[in-house]
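start_32.txt (compact mmCIF, C-alpha atoms and all ligand atoms)
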# COMPACT_ATOMS: atom_id res chain seq x y z
CA MET A 9 0.00 0.00 0.00
CA LEU A 10 2.41 2.59 1.25
CA TYR A 11 5.12 1.07 -0.86
CA GLY A 12 3.09 1.55 -3.99
CA LEU A 13 2.95 5.27 -3.43
CA LYS A 14 6.58 5.44 -2.36
CA ASP A 15 7.79 3.44 -5.32
CA ALA A 16 5.97 5.87 -7.55
CA GLY A 17 8.00 8.65 -5.92
CA TYR A 18 5.49 10.09 -3.48
CA GLU A 19 5.67 10.58 0.26
CA ALA A 20 3.25 8.38 2.17
CA TYR A 21 2.63 7.80 5.88
CA LEU A 22 0.23 6.04 8.18
CA VAL A 23 -1.58 8.61 10.25
CA GLY A 24 -4.67 9.26 12.32
CA GLY A 25 -6.56 7.07 14.73
CA GLY A 26 -4.73 3.88 13.78
CA VAL A 27 -1.29 5.21 14.66
CA ARG A 28 -2.66 6.91 17.77
CA ASP A 29 -4.36 3.75 19.03
CA LEU A 30 -1.33 1.62 18.31
CA LEU A 31 0.96 3.95 20.26
CA ALA A 32 -1.58 4.14 23.09
CA GLY A 33 -1.59 0.37 23.35
CA LEU A 34 -5.03 -0.19 21.85
CA GLU A 35 -5.87 -2.34 18.92
CA PRO A 36 -6.09 -0.07 15.88
CA LYS A 37 -9.40 -0.17 14.03
CA ASP A 38 -8.03 1.02 10.71
CA PHE A 39 -5.30 3.16 9.28
CA ASP A 40 -5.46 6.31 7.28
CA ILE A 41 -2.77 7.21 4.81
CA ALA A 42 -1.52 10.69 4.08
CA THR A 43 0.41 11.26 0.90
CA SER A 44 1.92 13.92 -1.26
CA ALA A 45 0.25 12.31 -4.29
CA HIS A 46 -2.80 14.16 -5.61
CA PRO A 47 -6.05 12.26 -6.06
CA GLU A 48 -5.53 11.67 -9.76
CA GLN A 49 -2.03 10.42 -9.08
CA ILE A 50 -3.30 8.10 -6.35
CA ARG A 51 -5.69 6.68 -8.88
CA LYS A 52 -2.86 5.98 -11.29
CA VAL A 53 -0.99 4.01 -8.62
CA PHE A 54 -3.98 1.91 -7.56
CA ARG A 55 -6.46 0.40 -9.89
CA ASN A 56 -8.80 -0.60 -7.07
CA CYS A 57 -9.39 2.94 -5.99
CA ARG A 58 -12.45 5.12 -5.70
CA LEU A 59 -12.34 8.87 -5.32
CA ILE A 60 -14.86 10.28 -2.91
CA GLY A 61 -15.45 13.98 -2.82
CA ARG A 62 -16.79 15.18 0.45
CA ARG A 63 -15.43 18.39 1.78
CA PHE A 64 -12.11 17.06 0.73
CA MET A 65 -11.19 14.54 -1.92
CA ILE A 66 -10.45 11.17 -0.40
CA ALA A 67 -9.37 8.02 -2.20
CA HIS A 68 -10.66 4.71 -0.94
CA VAL A 69 -8.23 1.97 -1.77
CA ARG A 70 -9.10 -1.63 -1.19
CA ALA A 71 -6.36 -3.68 0.43
CA GLY A 72 -7.64 -7.22 0.79
CA GLU A 73 -10.58 -7.10 3.17
CA GLU A 74 -9.96 -3.58 4.22
CA ILE A 75 -10.54 -0.22 2.69
CA LEU A 76 -7.89 2.34 3.39
CA GLU A 77 -8.56 6.04 3.28
CA VAL A 78 -5.86 7.85 1.40
CA THR A 79 -5.80 11.62 1.56
CA THR A 80 -3.52 14.12 -0.04
CA PHE A 81 -1.65 16.43 2.36
CA ARG A 82 -3.86 19.38 3.09
CA GLY A 83 -2.48 22.86 2.79
CA ALA A 84 -2.40 25.52 5.49
CA ILE A 85 -5.62 27.38 6.13
CA THR A 86 -5.57 30.66 4.32
CA ASP A 87 -8.04 33.40 3.55
CA SER A 88 -8.87 31.54 0.37
CA HIS A 89 -10.79 29.00 2.44
CA GLU A 90 -14.44 29.74 2.30
CA ARG A 91 -16.03 30.16 5.74
CA ASP A 92 -19.48 30.86 7.05
CA GLU A 93 -20.26 33.65 9.47
CA THR A 94 -19.38 31.54 12.55
CA GLY A 95 -15.93 30.69 11.19
CA ARG A 96 -16.79 27.23 9.92
CA ILE A 97 -14.73 26.11 6.95
CA LEU A 98 -16.91 25.27 4.00
CA SER A 99 -14.54 24.33 1.23
CA ASP A 100 -11.26 22.66 1.73
CA ASN A 101 -9.30 21.65 -1.31
CA VAL A 102 -5.87 23.19 -1.07
CA TYR A 103 -3.00 20.73 -1.06
CA GLY A 104 0.13 21.19 1.02
CA THR A 105 3.16 19.65 2.63
CA LEU A 106 3.45 17.01 5.34
CA GLU A 107 3.99 19.65 7.99
CA GLU A 108 1.05 21.75 6.81
CA ASP A 109 -1.07 18.62 6.85
CA ALA A 110 -0.11 17.98 10.49
CA PHE A 111 -1.39 21.37 11.61
CA ARG A 112 -4.67 20.81 9.82
CA ARG A 113 -5.47 17.78 11.93
CA ASP A 114 -7.54 18.08 15.06
CA PHE A 115 -5.66 16.66 18.07
CA THR A 116 -1.93 16.39 18.58
CA VAL A 117 -2.18 12.61 19.02
CA ASN A 118 -4.01 12.39 15.70
CA ALA A 119 -1.16 14.11 13.91
CA LEU A 120 1.53 11.47 14.27
CA TYR A 121 2.89 10.15 10.98
CA TYR A 122 4.41 6.73 10.88
CA ASP A 123 6.92 5.96 8.18
CA ILE A 124 6.98 2.19 7.75
CA ARG A 125 10.23 2.28 5.82
CA ASP A 126 12.37 3.36 8.76
CA PHE A 127 9.77 3.03 11.55
CA SER A 128 10.20 6.70 12.37
CA ILE A 129 7.45 8.96 13.60
CA ALA A 130 7.05 12.53 12.44
CA ASP A 131 5.59 14.61 15.23
CA PHE A 132 5.16 18.31 14.50
CA ALA A 133 2.52 19.10 17.09
CA GLY A 134 3.78 17.44 20.27
CA GLY A 135 1.61 14.36 20.00
CA VAL A 136 4.18 12.00 21.48
CA ASP A 137 4.44 14.05 24.68
CA ASP A 138 0.67 14.28 24.96
CA LEU A 139 0.36 10.56 24.42
CA GLN A 140 2.75 9.99 27.30
CA ALA A 141 0.89 12.47 29.50
CA ARG A 142 -2.44 10.96 28.40
CA GLN A 143 -3.77 14.32 27.31
CA LEU A 144 -6.06 15.03 24.41
CA ARG A 145 -5.13 18.45 23.10
CA LEU A 146 -6.31 20.39 20.07
CA ILE A 147 -3.61 21.69 17.80
CA GLY A 148 -3.57 25.49 17.76
CA ASP A 149 -6.10 27.85 19.29
CA PRO A 150 -8.95 25.69 20.60
CA GLU A 151 -11.73 28.19 20.06
CA LEU A 152 -10.64 28.82 16.50
CA ARG A 153 -10.38 25.10 15.79
CA TYR A 154 -13.86 24.43 17.17
CA ARG A 155 -15.24 27.27 15.11
CA GLU A 156 -13.64 25.84 11.98
CA ASP A 157 -15.38 22.55 12.65
CA PRO A 158 -17.67 22.23 15.68
CA VAL A 159 -17.80 18.44 15.31
CA ARG A 160 -14.35 18.48 16.92
CA MET A 161 -16.17 19.02 20.23
CA LEU A 162 -17.85 15.66 19.78
CA ARG A 163 -14.64 14.03 18.65
CA ALA A 164 -12.85 15.34 21.75
CA ILE A 165 -15.26 13.51 24.01
CA ARG A 166 -15.30 10.31 22.02
CA ILE A 167 -11.55 10.04 21.56
CA ALA A 168 -10.72 11.01 25.15
CA ASN A 169 -13.03 8.32 26.47
CA LYS A 170 -11.75 5.79 23.98
CA LEU A 171 -8.16 6.34 25.08
CA GLY A 172 -8.94 6.98 28.73
CA PHE A 173 -7.23 10.35 28.33
CA GLU A 174 -8.02 13.64 29.94
CA ILE A 175 -9.12 16.48 27.70
CA ALA A 176 -6.46 19.16 28.23
CA SER A 177 -7.95 22.09 30.14
CA ASP A 178 -7.60 24.66 27.37
CA THR A 179 -9.12 22.17 24.94
CA ALA A 180 -12.05 21.48 27.28
CA GLU A 181 -12.71 25.05 28.34
CA PRO A 182 -14.49 26.46 25.26
CA ILE A 183 -16.78 23.48 24.72
CA SER A 184 -19.74 24.47 26.91
CA ARG A 185 -19.58 27.97 25.51
CA LEU A 186 -19.43 26.86 21.88
CA ALA A 187 -21.88 23.96 22.09
CA PRO A 188 -24.57 25.93 20.19
CA LEU A 189 -22.30 25.88 17.12
CA LEU A 190 -23.43 22.30 16.59
CA ARG A 191 -26.60 23.77 15.12
CA GLU A 192 -24.57 24.72 12.05
CA ILE A 193 -23.59 21.14 11.30
CA PRO A 194 -25.53 19.28 8.62
CA PRO A 195 -27.92 16.85 10.35
CA ALA A 196 -26.67 13.91 8.28
CA ARG A 197 -23.14 14.36 9.55
CA LEU A 198 -24.39 14.56 13.11
CA PHE A 199 -26.26 11.31 12.67
CA ASP A 200 -22.96 9.58 11.87
CA GLU A 201 -21.16 11.22 14.76
CA ILE A 202 -23.90 10.30 17.23
CA LEU A 203 -23.68 6.67 16.23
CA LYS A 204 -19.93 6.76 16.74
CA LEU A 205 -20.50 8.14 20.23
CA LEU A 206 -23.48 6.13 21.40
CA LEU A 207 -23.36 2.88 19.46
CA ASN A 208 -20.05 2.40 21.15
CA LYS A 209 -18.56 0.55 24.06
CA ASP A 210 -18.02 3.89 25.79
CA ALA A 211 -21.63 4.93 25.21
CA VAL A 212 -22.39 5.66 28.86
CA ALA A 213 -19.29 7.77 29.48
CA ASN A 214 -19.83 9.58 26.18
CA PHE A 215 -23.43 10.32 27.10
CA GLU A 216 -22.49 11.67 30.53
CA GLU A 217 -19.79 13.88 29.04
CA LEU A 218 -22.04 15.16 26.26
CA ARG A 219 -24.49 16.22 28.94
CA ARG A 220 -21.82 17.70 31.18
CA TYR A 221 -20.65 20.00 28.38
CA GLY A 222 -24.14 20.94 27.26
CA LEU A 223 -23.67 19.21 23.92
CA PHE A 224 -26.46 16.72 24.48
CA ALA A 225 -28.94 19.56 24.94
CA GLU A 226 -27.97 20.87 21.51
CA LEU A 227 -28.31 17.48 19.89
CA PHE A 228 -31.46 16.27 21.65
CA PRO A 229 -33.20 19.34 23.06
CA ALA A 230 -36.55 17.67 23.73
CA THR A 231 -34.91 14.69 25.43
CA GLU A 232 -32.77 16.95 27.58
CA ARG A 233 -35.89 18.73 28.83
CA ALA A 234 -37.66 15.47 29.56
CA ILE A 235 -34.79 13.89 31.47
CA ASN A 236 -34.35 17.01 33.54
CA ALA A 237 -38.01 16.78 34.51
CA ALA A 238 -38.04 13.08 35.40
CA LYS A 239 -35.25 11.01 36.91
CA ARG A 240 -36.77 7.83 35.57
CA ASP A 241 -36.20 9.01 31.99
CA LEU A 242 -32.52 9.62 32.68
CA GLN A 243 -32.41 6.14 34.14
CA LEU A 244 -33.97 4.71 30.99
CA LEU A 245 -31.28 6.26 28.82
CA ARG A 246 -28.48 5.11 31.06
CA ILE A 247 -29.77 1.56 31.04
CA ALA A 248 -30.29 1.60 27.26
CA LEU A 249 -26.79 2.91 26.65
CA ALA A 250 -25.22 0.50 29.12
CA SER A 251 -26.87 -2.45 27.41
CA THR A 252 -25.86 -1.11 23.99
CA ALA A 253 -22.29 -0.79 25.19
CA GLU A 254 -22.38 -4.32 26.55
CA ARG A 255 -23.62 -5.65 23.23
CA VAL A 256 -20.92 -3.77 21.34
CA LYS A 257 -18.28 -5.24 23.63
CA ARG A 258 -19.64 -8.72 22.99
CA ASP A 259 -19.89 -8.14 19.24
CA LEU A 260 -23.65 -8.57 19.23
CA PRO A 261 -25.70 -6.63 16.70
CA VAL A 262 -26.94 -3.20 17.73
CA THR A 263 -29.36 -1.04 15.82
CA PRO A 264 -29.81 2.70 15.60
CA ALA A 265 -33.58 2.08 15.61
CA PHE A 266 -33.50 0.81 19.18
CA LEU A 267 -30.98 3.42 20.28
CA TYR A 268 -33.06 6.29 18.91
CA GLY A 269 -36.19 4.64 20.24
CA ALA A 270 -34.70 5.03 23.70
CA LEU A 271 -33.17 8.46 23.13
CA LEU A 272 -36.46 9.93 21.98
CA TRP A 273 -38.79 7.90 24.17
CA PRO A 274 -38.97 10.42 27.04
CA PRO A 275 -40.27 13.34 24.96
CA TYR A 276 -42.36 11.01 22.79
CA ALA A 277 -44.09 9.34 25.72
CA ASP A 278 -44.72 12.70 27.38
CA ARG A 279 -46.22 14.14 24.25
CA ALA A 280 -48.35 11.07 23.51
CA TYR A 281 -49.65 11.20 27.07
CA GLU A 282 -50.47 14.87 26.77
CA LEU A 283 -52.30 14.43 23.49
CA GLU A 284 -54.31 11.52 24.80
CA TYR A 285 -55.18 12.57 28.34
CA GLU A 286 -55.06 16.34 28.16
CA ARG A 287 -56.19 16.96 24.61
CA GLY A 288 -58.57 14.04 24.42
CA HIS A 289 -57.26 12.35 21.28
CA ASP A 290 -57.78 8.62 20.99
CA ALA A 291 -54.70 6.60 21.90
CA VAL A 292 -53.55 5.67 18.41
CA THR A 293 -53.98 9.19 17.04
CA ALA A 294 -52.13 10.59 20.01
CA GLN A 295 -49.24 8.18 19.54
CA ASN A 296 -48.95 8.80 15.82
CA GLN A 297 -49.11 12.52 16.18
CA ALA A 298 -46.59 12.51 19.00
CA ALA A 299 -44.20 10.41 16.93
CA ASP A 300 -44.62 12.73 13.94
CA GLU A 301 -43.96 15.81 16.02
CA ILE A 302 -41.01 14.53 18.00
CA LEU A 303 -39.36 13.05 14.93
CA ALA A 304 -39.87 16.15 12.81
CA ARG A 305 -38.29 18.36 15.46
CA GLN A 306 -35.42 15.95 15.99
CA GLN A 307 -34.71 15.75 12.27
CA ALA A 308 -33.89 19.44 12.29
CA ARG A 309 -30.81 18.53 14.36
CA ILE A 310 -30.01 14.96 13.45
CA ALA A 311 -31.09 13.29 10.23
CA ILE A 312 -32.37 9.84 11.13
CA PRO A 313 -32.76 7.82 7.94
CA LYS A 314 -36.16 6.26 7.33
CA ARG A 315 -34.74 2.76 7.52
CA PHE A 316 -34.15 3.45 11.21
CA SER A 317 -36.97 5.82 12.06
CA LEU A 318 -39.66 3.47 10.74
CA PRO A 319 -38.66 0.49 12.87
CA MET A 320 -38.14 2.89 15.75
CA ARG A 321 -41.76 3.99 15.47
CA GLU A 322 -42.87 0.39 15.29
CA ILE A 323 -41.04 -0.37 18.52
CA TRP A 324 -42.94 2.52 20.07
CA SER A 325 -46.30 1.58 18.61
CA VAL A 326 -46.06 -1.97 19.95
CA GLN A 327 -45.57 -0.70 23.53
CA PRO A 328 -49.23 0.00 24.31
CA ARG A 329 -50.21 -3.29 22.72
CA PHE A 330 -48.26 -5.07 25.46
CA GLU A 331 -51.04 -3.99 27.79
CA ASP A 332 -53.58 -6.12 26.00
CA LEU A 333 -53.22 -9.53 27.59
CA ARG A 334 -56.11 -11.31 25.90
CA PRO A 335 -54.71 -14.61 24.63
CA GLY A 336 -55.80 -14.13 21.01
CA ARG A 337 -54.32 -10.65 20.80
CA ALA A 338 -51.20 -11.68 22.60
CA ARG A 339 -50.65 -14.65 20.32
CA ARG A 340 -50.93 -12.37 17.33
CA LEU A 341 -48.52 -9.83 18.79
CA LEU A 342 -45.93 -12.58 19.27
CA THR A 343 -45.68 -12.88 15.50
CA HIS A 344 -45.23 -9.15 14.95
CA PRO A 345 -42.02 -8.63 12.97
CA ARG A 346 -40.82 -6.12 15.52
CA PHE A 347 -41.85 -8.18 18.54
CA ARG A 348 -38.36 -8.99 19.77
CA ALA A 349 -37.07 -5.43 19.68
CA ALA A 350 -40.29 -4.11 21.17
CA TYR A 351 -40.14 -6.69 23.97
CA ASP A 352 -36.53 -5.71 24.70
CA PHE A 353 -37.76 -2.15 24.85
CA LEU A 354 -40.45 -3.14 27.34
CA LEU A 355 -37.75 -4.75 29.51
CA LEU A 356 -35.86 -1.49 29.36
CA ARG A 357 -38.90 0.46 30.53
CA ALA A 358 -39.43 -2.05 33.30
CA GLN A 359 -35.85 -1.70 34.45
CA ALA A 360 -36.21 2.06 34.42
CA GLY A 361 -39.19 1.74 36.75
CA GLU A 362 -42.03 2.77 34.48
CA PRO A 363 -45.27 1.96 36.29
CA GLY A 364 -46.71 -1.43 35.47
CA CYS A 365 -43.95 -2.39 33.06
CA ALA A 366 -42.30 -4.91 35.36
CA ALA A 367 -45.49 -6.95 35.65
CA LEU A 368 -46.11 -6.74 31.92
CA ALA A 369 -42.55 -7.69 31.10
CA GLU A 370 -42.83 -10.70 33.35
CA TRP A 371 -46.10 -11.74 31.74
CA TRP A 372 -44.68 -11.43 28.23
CA THR A 373 -41.55 -13.31 29.19
CA GLN A 374 -43.75 -16.24 30.20
CA ALA A 375 -46.15 -15.78 27.31
CA GLN A 376 -43.37 -16.28 24.78
CA VAL A 377 -42.80 -19.73 26.26
CA THR A 378 -46.40 -20.78 26.87
CA LEU A 379 -48.37 -19.09 24.10
CA GLY A 380 -45.43 -19.39 21.79
CA GLN A 381 -45.64 -23.15 22.09
CA GLY A 382 -49.36 -23.25 21.57
CA GLY A 383 -50.14 -23.44 25.28
CA ASP A 384 -52.31 -21.31 27.51
CA ALA A 385 -51.72 -17.74 28.47
CA PRO A 386 -49.85 -17.13 31.71
CA PRO A 387 -51.92 -16.03 34.71
CA LEU A 388 -52.77 -12.36 34.65
CA PRO A 389 -50.81 -10.05 36.88
CA SER A 390 -52.78 -8.44 39.66
CA PRO A 391 -54.13 -4.98 38.96
CA GLU A 392 -51.94 -3.58 41.75
CA LEU A 393 -48.85 -4.92 40.05
CA LEU A 394 -49.87 -3.32 36.81
CA GLU A 395 -50.04 0.01 38.57
CA SER A 396 -46.83 -0.35 40.51
CA GLY A 397 -43.21 0.06 39.72
CA ALA A 398 -42.71 3.72 40.35
CA ALA A 399 -42.72 4.18 44.07
CA ASP A 400 -41.52 7.76 43.70
CA GLU A 401 -44.51 8.69 41.66
CA ALA A 402 -47.15 6.51 43.22
CA GLY A 403 -50.67 7.72 43.65
CA ASP A 404 -51.11 8.91 40.13
CA GLY A 405 -52.55 5.75 38.67
CA GLU A 406 -56.10 5.44 37.61
CA PRO A 407 -58.36 2.85 39.17
CA GLY A 408 -57.37 -0.66 38.17
CA ASP A 409 -58.56 -1.83 34.82
CA ASN A 410 -60.62 -4.89 34.28
CA ALA A 411 -58.34 -7.85 34.48
CA GLY A 412 -59.18 -9.30 31.08
CA ALA A 413 -58.14 -6.35 29.01
CA PRO A 414 -56.19 -3.65 30.68
CA LYS A 415 -56.79 -0.67 28.49
CA LYS A 416 -55.36 2.72 29.07
CA ARG A 417 -53.19 3.18 32.05
CA ARG A 418 -51.08 6.10 32.74
CA ARG A 419 -47.74 5.19 31.42
CA ARG A 420 -46.14 8.37 32.42
CA GLY A 421 -47.27 8.71 36.06
CA GLY A 422 -46.21 11.75 38.06
CA ARG A 423 -48.42 14.73 37.44
CA ASN A 424 -45.63 17.00 38.60
CA ARG A 425 -43.49 16.01 35.62
CA ARG A 426 -45.07 18.37 33.19
CA LYS A 427 -46.20 21.37 35.08
CA ALA A 428 -44.85 24.12 32.87
P1 LIG A 501 -11.41 6.65 14.85
O1 LIG A 501 -11.15 6.15 13.45
O2 LIG A 501 -10.83 5.84 15.93
O3 LIG A 501 -12.82 6.99 15.06
P2 LIG A 501 -9.84 8.83 13.92
O4 LIG A 501 -9.07 9.88 14.68
O5 LIG A 501 -9.07 7.92 13.04
O6 LIG A 501 -10.65 8.05 15.02
P3 LIG A 501 -11.21 9.55 11.55
O7 LIG A 501 -12.53 10.20 11.38
O8 LIG A 501 -10.97 8.20 11.00
O9 LIG A 501 -10.96 9.55 13.11
O10 LIG A 501 -10.14 10.58 11.00
C1 LIG A 501 -8.83 10.23 10.66
C2 LIG A 501 -7.88 11.38 10.95
O11 LIG A 501 -8.27 12.53 10.19
C3 LIG A 501 -7.88 11.87 12.39
O12 LIG A 501 -7.03 11.13 13.22
C4 LIG A 501 -7.43 13.30 12.24
O13 LIG A 501 -6.04 13.35 12.07
C5 LIG A 501 -8.09 13.71 10.95
N1 LIG A 501 -9.42 14.30 11.20
C6 LIG A 501 -10.59 13.66 11.23
N2 LIG A 501 -11.61 14.49 11.48
C7 LIG A 501 -11.07 15.71 11.60
C8 LIG A 501 -11.58 17.00 11.86
N3 LIG A 501 -12.88 17.19 12.05
N4 LIG A 501 -10.71 18.04 11.91
C9 LIG A 501 -9.39 17.83 11.72
N5 LIG A 501 -8.84 16.66 11.48
C10 LIG A 501 -9.65 15.59 11.43
MG MG A 502 -9.89 6.43 11.66
When written as structure tokens, how does the structure in this file appear?
Amino acid sequence: MLYGLKDAGYEAYLVGGGVRDLLAGLEPKDFDIATSAHPEQIRKVFRNCRLIGRRFMIAHVRAGEEILEVTTFRGAITDSHERDETGRILSDNVYGTLEEDAFRRDFTVNALYYDIRDFSIADFAGGVDDLQARQLRLIGDPELRYREDPVRMLRAIRIANKLGFEIASDTAEPISRLAPLLREIPPARLFDEILKLLLNKDAVANFEELRRYGLFAELFPATERAINAAKRDLQLLRIALASTAERVKRDLPVTPAFLYGALLWPPYADRAYELEYERGHDAVTAQNQAADEILARQQARIAIPKRFSLPMREIWSVQPRFEDLRPGRARRLLTHPRFRAAYDFLLLRAQAGEPGCAALAEWWTQAQVTLGQGGDAPPLPSPELLESGAADEAGDGEPGDNAGAPKKRRRRGGRNRRKA
């Protein structure tokens, strides 16, 4: 790979997260390559190469199983770079030298260039020292660098947690102040970054840090309001992220649909409740309208592709159907294509202490065995159990429903949760 470029007379180095992780003692995920060759020249060296123009031309070169990202050295930032009114760089297509490329990178530890010919490392920004001191530090003036690209605030949190490094104080300081700059970032890019942060083994730590710096409130404003109003909602997110992280660690599949289902559940459930019990809509209308509203507002920040938002809505729409314990209905629900994910979601709500969910979860756990094998339905939970589960918000339930078909119960409890 590197030899191909070098043999053709170009400079080429491994750089980025792969080198950083290797030197920090972690297993590198992939390597990026920085070269003096221009995109067209890269293409001449490698037949199996695809040029991808995003903000900057990148060549994807296939090397066996893997795809390597090859980028041409970027030039120093000059006035010729187009910026928006907040300082964000819009176009970026000036080529430069190795050293100029180093100063264009975000963190010092991301700007280490490894030359596989002589195993030397080129370090223009002090990355080796920072690696030793376990510090994540932006190159250059932090405020300016965040203004150029506010996503660096998210990267700081993710990479620091990944490495177990501290964010250097001058690198951390501007974040809370500049968090609103995230509003300038295209929602599709934020979708990718959020997955990197939260569909991740460090999901819980990343979530806590995003909140600490006020970044979460920019990304998920409605969720931030809901979790500030009700502890149980914060609990739900923590449990969801912890189980996501666990699955990632064990290499089990994880889906953005479930993740977003949890992230947006607090404002969705609040709104559905409000539309049903305070505005008098029927349950299904209330749920649909709530999902439409919450999703539309969220899309203004983070673009959730339909292939995830549709299953997410299905997971939500199955939740009230778990309250219908009539054997015929239950048997039918068991065959719902989204049953498994929806059931996992019910377990999550039960763990978070949503009223009645523990009893329902228990019933459905048994029902999968009994009904699923053509047997009888499990015994019905007592009405008290269906109302319990949220000791802190007790006393808000409605009178017990008829045992055969529990209909509408207050899922959201706590009248104090939405006073203003
Ligand atoms: P990982 O791959 O582990 O998520 P990474 O640091 O390799 O982390 P990539 O997105 O793969 O992240 O980027 C590769 C390299 O490109 C980075 O190490 C950094 O040098 C540079 N880079 C990426 N994003 C930015 C950015 N927003 N601003 C400046 N440099 C960046
Ligand atoms: Mg990388």
Taken to one decimal, the CA of Arg197 (chain A)-atom O10 of ligand LIG 501 (chain A) distance is 13.6 Å
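Put simply, CA of Arg255 (chain A) is 18.4 Å away from CA of Met320 (chain A).
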Contacts of region 92-150 of chain A with region 15-28 of chain A up to 6 Å, shortest pair per row, only C-alpha atoms, as CSV:
residue,atom,partner,partner_atom,distance
A:Val117,CA,A:Arg28,CA,5.9
A:Asn118,CA,A:Gly24,CA,4.7
A:Leu120,CA,A:Val23,CA,5.8
A:Tyr121,CA,A:Val23,CA,4.8
A:Tyr122,CA,A:Leu22,CA,5.0
A:Asp123,CA,A:Tyr21,CA,5.2
Around the point (-40.5, 4.4, 15.3), in the coordinates given by the file, pick out the residues reaching within 9 Å, counting only C-alpha atoms, and return them as a compact mmCIF listing (two decimals) with C-alpha atoms, in the coordinates of the input.
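So point_4.txt came out as:
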# COMPACT_ATOMS: atom_id res chain seq x y z
CA ALA A 265 -33.58 2.08 15.61
CA PHE A 266 -33.50 0.81 19.18
CA TYR A 268 -33.06 6.29 18.91
CA GLY A 269 -36.19 4.64 20.24
CA ALA A 299 -44.20 10.41 16.93
CA LEU A 303 -39.36 13.05 14.93
CA PHE A 316 -34.15 3.45 11.21
CA SER A 317 -36.97 5.82 12.06
CA LEU A 318 -39.66 3.47 10.74
CA PRO A 319 -38.66 0.49 12.87
CA MET A 320 -38.14 2.89 15.75
CA ARG A 321 -41.76 3.99 15.47
CA GLU A 322 -42.87 0.39 15.29
CA ILE A 323 -41.04 -0.37 18.52
CA TRP A 324 -42.94 2.52 20.07
CA SER A 325 -46.30 1.58 18.61
I want to know what sits within 12 Å of Ile60 (chain A), based on only C-alpha atoms, with residues of the same chain fewer than 3 positions away left out; could you give that as a list of chain:residue names?
A:Pro47, A:Glu48, A:Arg51, A:Cys57, A:Arg63, A:Phe64, A:Met65, A:Ile66, A:Ala67, A:His68, A:Val69, A:Glu77, A:Val78, A:Thr79
Coordinates-based distance that separates CA of Arg309 (chain A) from CA of Leu227 (chain A) (Å, one decimal)
6.2 Å
Hey, could you make a per-residue contact list for chain A against ligand LIG 501 (chain A) with 7 Å as the cut-off, showing the nearest pair of atoms and its distance in Å to one decimal, counting only C-alpha atoms and all ligand atoms, sorted by chain and number, as a tab-separated table?
residue	atom	partner	partner_atom	distance
A:Val23	CA	A:LIG501	O12	6.7
A:Gly24	CA	A:LIG501	O12	3.1
A:Gly25	CA	A:LIG501	O5	3.1
A:Gly26	CA	A:LIG501	O5	6.0
A:Lys37	CA	A:LIG501	O2	6.5
A:Asp38	CA	A:LIG501	O1	6.6
A:Asp40	CA	A:LIG501	C1	6.2
A:Arg112	CA	A:LIG501	C9	5.9
A:Arg113	CA	A:LIG501	N5	3.6
A:Asp114	CA	A:LIG501	C9	3.8
A:Phe115	CA	A:LIG501	O13	6.9
A:Asn118	CA	A:LIG501	O12	4.1
A:Ala119	CA	A:LIG501	O13	5.3
A:Asp157	CA	A:LIG501	N3	5.9
A:Val159	CA	A:LIG501	N3	6.0
A:Arg160	CA	A:LIG501	N3	5.2
A:Ile167	CA	A:LIG501	O6	6.9
Taking only C-alpha atoms and all ligand atoms into account, name the residue in A:Lys14, A:Arg96, A:Arg163, A:Arg125 that is nearest to ligand MG 502 (chain A).
A:Arg163
I'd like the neighbourhood of Ala294 (chain A) as a PDB file with C-alpha atoms, in the coordinates of the input, where a residue qualifies if any of its atoms comes within 12 Å (using all atoms listed in the file), though same-chain residues fewer than 3 positions away should be ignored.
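Below is the file that was written, around.pdb:
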ATOM      1  CA  TYR A 276     -42.360  11.010  22.790  1.00  0.00           C
ATOM      2  CA  ALA A 277     -44.090   9.340  25.720  1.00  0.00           C
ATOM      3  CA  ASP A 278     -44.720  12.700  27.380  1.00  0.00           C
ATOM      4  CA  ARG A 279     -46.220  14.140  24.250  1.00  0.00           C
ATOM      5  CA  ALA A 280     -48.350  11.070  23.510  1.00  0.00           C
ATOM      6  CA  TYR A 281     -49.650  11.200  27.070  1.00  0.00           C
ATOM      7  CA  GLU A 282     -50.470  14.870  26.770  1.00  0.00           C
ATOM      8  CA  LEU A 283     -52.300  14.430  23.490  1.00  0.00           C
ATOM      9  CA  GLU A 284     -54.310  11.520  24.800  1.00  0.00           C
ATOM     10  CA  TYR A 285     -55.180  12.570  28.340  1.00  0.00           C
ATOM     11  CA  GLU A 286     -55.060  16.340  28.160  1.00  0.00           C
ATOM     12  CA  ARG A 287     -56.190  16.960  24.610  1.00  0.00           C
ATOM     13  CA  GLY A 288     -58.570  14.040  24.420  1.00  0.00           C
ATOM     14  CA  HIS A 289     -57.260  12.350  21.280  1.00  0.00           C
ATOM     15  CA  ASP A 290     -57.780   8.620  20.990  1.00  0.00           C
ATOM     16  CA  ALA A 291     -54.700   6.600  21.900  1.00  0.00           C
ATOM     17  CA  GLN A 297     -49.110  12.520  16.180  1.00  0.00           C
ATOM     18  CA  ALA A 298     -46.590  12.510  19.000  1.00  0.00           C
ATOM     19  CA  ALA A 299     -44.200  10.410  16.930  1.00  0.00           C
ATOM     20  CA  ASP A 300     -44.620  12.730  13.940  1.00  0.00           C
ATOM     21  CA  GLU A 301     -43.960  15.810  16.020  1.00  0.00           C
ATOM     22  CA  ILE A 302     -41.010  14.530  18.000  1.00  0.00           C
ATOM     23  CA  SER A 325     -46.300   1.580  18.610  1.00  0.00           C
ATOM     24  CA  PRO A 328     -49.230   0.000  24.310  1.00  0.00           C
TER      25      PRO A 328
END
